[in-house]
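Novice: The structure is given below, and queries will be raised subsequently.
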Amino acid sequence: MAAAVAHGGGHPTSTGTTNRKLMMWIFLGSECLFFGSLIATYLIFKHAVIERGVGPFPHAMMIDGHEEHGILNIPITSTSTFVLLMSSLTMVLAVYGAQHARFKMMKLATLATILLGLAFLGFQVYEFRSFGAEGLNLGTNLFGATFFVLTGFHGTHVGVGVLYLASMLAASFRRNGLGPEVGEHMEIAGLYWHFVDIVWIVIFTLLYLLPA
Amino acid sequence: MATVAGTLAHHENSGVWSWLTTVDHKRIGALYGITAFSFFMWGGVQALLVRTQLAVPHGAVVDAKLYNELFTMHALTMIFLAVMPLGASFQNFLIPLMIGARDVAFPRLNALSYWVFFGGAVLLTASFFFEAPGGGWFNYAPLSEKEFSPGLGIDFYVVGLMVLGISSLMAALNFAVTIINMRAPGMTMMRLPVFIWMSLIISFLLILALPPLTVALIQLLFDRQFGTHFFIAGEGGDPILWQHLFWVFGHPEVYILILPAMGIVSEVIPVFSRKPLFGYPAIVFAGMAIAFLGWAVWSHHMFTTGMGAVPRTIFATNTMIIAIPTGVKVFNWLGTMYGGNIRFNTAMSFAVAFIALFTIGGISGVMHASPPVDGQHQDTYFVVAHLHYVLVGGAVTGIFSGIYYWFPKMTGRFLDEKLGMVHFWLWFIGVNLTFFPMHYLGLLGMPRRIYTYDAGLNWGFWNMAETIGAFTIAAGVLIFVINFFRSMGQEKTAEANPWGAATLEWATSSPPPEHDFDVVPVVRSRDPLWYDRDHNIAPAEPTGEHIHLPPPSYYPILMATGVVLMAMGPLSHLALTAVGVLIVVYGIWGWALEPTE
């Protein structure tokens, strides 16, 4: 009997997908438009930054006949990208553990995901500080504005994800753990986490890897 | 908590606290409705001030600055605090009842949506105590930048719309999941009532259209508070970017405003024509087509910005194509009435007036879909006439139809038909008297958003007529308010299905019990109650199944307080934002751990 019960994640629904999971999927659709708008803003202003000629610039480029160095540190950010991608692996392991009642594995993998997420945020803090030291701020030029707002909001999403997973980890130590729907809970957290990782892959490609 | 039907464990059902903590979709719908109608009247007062100022040349009721604030706040109030939440009020009340569910998918999230809306509405309106936003509801850069608008007005606009956007996003997610996932047995997608289809479409429009607006607001906030130059041309930024991001939201937004009314009249017209809706699949797919095309037309608001011939051609073509699905709907409604046994009561009168007034607005919309024509219409009263015909003549007229139609279901009482018809005629005459002359004044060249004009321009006569029309509308609304309070003082006499309607909300008592349905209905047709009547299928007896209702919760209102505090940070001190974040995080934890069984 579909949709007989008015709420609750684990009850039968019209589609078979639980309400919570369906909502997370639709919410991530909304998030696509959010990051899409921020990324579009970056791409729109990319050439305006070069034309205006006020540095620092993201990539090495010729401005008024002399070479300006690029401020983006590709090796370091490649490392932090690797760290974030590994967090997706540990997230998969955490979901696997939750769905197969291997709770020790779930807790360890969740902890690893949190630590990798924090490490990524540490890289980002380092990057922001070093850019600041080189004279790039929000108001310096449009590269600064688009870069800090886009990566800053991505970092905020990672931070929210860390808080989300830390709350789940803490709750998993209660007497009943995360309850009978633990697999569902972790899977939804995983959806969010993987989405944030995928967004970073797009940002990393468009901001760091594509040359001017 | 689980109890047998008939001996439900009722939660505390009266008193202020029960309303502050309610998670019942019907009560939240009532809260939305009363709040939104109050703001509708407040937005009306602003409109009357505007009309009084413009009644005669060299009007001196308000000065230029207050005039700018009034027309800006009139638009913001009517769009975000009145018409959108009135739609949400119907959706809250009707979605579970019409699909045969006992509540929305996330009852507490529903309450949170309302309280965040309430907080955002109060925050935006409180700007009048400091400085109200005065840059138009579209709030174009560079006027909105710190250099030209140094006061708090634009900051109120930014944080107010962010808060309201959060509320709308949460409500839309909730409704989308509810409609997709909570349908009664047999309620397939192609048996959903048209109002539900329109609600689903609106939900997805909101879910996808709000983020670009949020990004634009964030960028404006950073421009004003943190020294970026997103929209400042002198520093390499681009004011046109604001226009694009705003209208990528803004054009889907106009469908968000009109589609609830289209859904409402699609329910009202079949009932009072005693005929099933003509061309149900056509009207559903036309709604989807409107929503889909609505994404590809935003730049028709920007024809005069110098986009070049190719984009202008594409956006003009797309805009004209939207007239096709819209026309399909109009013919569906007319086809439903054709040959029907029509009852012209108040609800039906408003529904038929909706078709007429909306069509007039739709036709002038096709006119300025043409870029050369738009070049003449741009920023004149012709556009004001167009948008008011679709929003007042369309959206609000449709909402009134819905109020008269569902009032017995919502309250158990009827609105008086005599007063209702007085309301209807004052409204219908007032709307036409106010907004039709605006076409003429626009073609004469009267610009929008001017706070006064010279006597020698010959604009005085029609402006006076419009002002008289505006007060006629106000008189109609006043009659409605009197009608409302008179009815609320009377006995509950409405039976379950007083109009002989076909949809599920009429299968339960008026007003419905807290758990909506004693037995979850089984749907066998697109018009379930007519099908069951014609096939002599009696409603199922209560089986004593367990009916579980979620307990009330104070976390929604607590978290809404946190959200509003977060938004007040940029207006005063960022420490408030930090306090707000802490309250929200605490609220989420409490929410997650709160027992709901």
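Convention: chains lettered A, B, ... in structure tokens order; per-chain residue numbering from 1; ligands numbered from 1 as shown.
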Where does DSSP see alpha helix (DSSP H) in chain A, if you list the residues as a count of residues only?
Specialist: 144
Novice: Name all residues at most 9 Å from range 500-505 of chain B (count only C-alpha atoms; drop same-chain ones fewer than 6 positions away) and give them as a list of chain:residue names.
Specialist: B:Leu94, B:Ile95, B:Pro96, B:Leu97, B:Met98, B:Ile99, B:Gly100, B:Pro193, B:Glu267, B:Val268, B:Pro270, B:Val271, B:Phe272, B:Arg274, B:Pro276, B:Lys409, B:Pro512, B:Asp516, B:Pro521, B:Val523, B:Arg526, B:Asp527, B:Pro528, B:Leu529, B:Trp530, B:Tyr531
Novice: Residues of chain A no more than 9 Å from chain B, counting only C-alpha atoms: send them over as a ChimeraX atom specification.
Specialist: /A:1-8,12-20,22-24,26-27,29-38,41,44-45,48-49,51-52,137-142,144-146,149,167,171
Novice: Of the candidates B:Gly587, B:Gly153, B:Gly29, B:Gly43, which one gets nearest to Thr561 in chain B if we count only C-alpha atoms?
Specialist: B:Gly587
Novice: Write out as number ranges by chain each polymer residue whose atoms come within 12 Å of Leu443 in chain B, counting only C-alpha atoms; drop sequence neighbours fewer than 4 positions from it.
Specialist: B: 373-385, 436-439, 447-448, 459
Novice: Would you mind reading off the distance between CA of Trp200 in chain A and CA of Ala567 in chain B, one decimal, in Å?
Specialist: 27.3 Å
Novice: Counting only C-alpha atoms, figure out which residue out of B:His58, B:Thr304, B:Trp462, B:Ile399 gets nearest to Ala36 in chain B.
Specialist: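 Ranking B:His58, B:Thr304, B:Trp462, B:Ile399 by distance to Ala36 in chain B, first place goes to B:Ile399.
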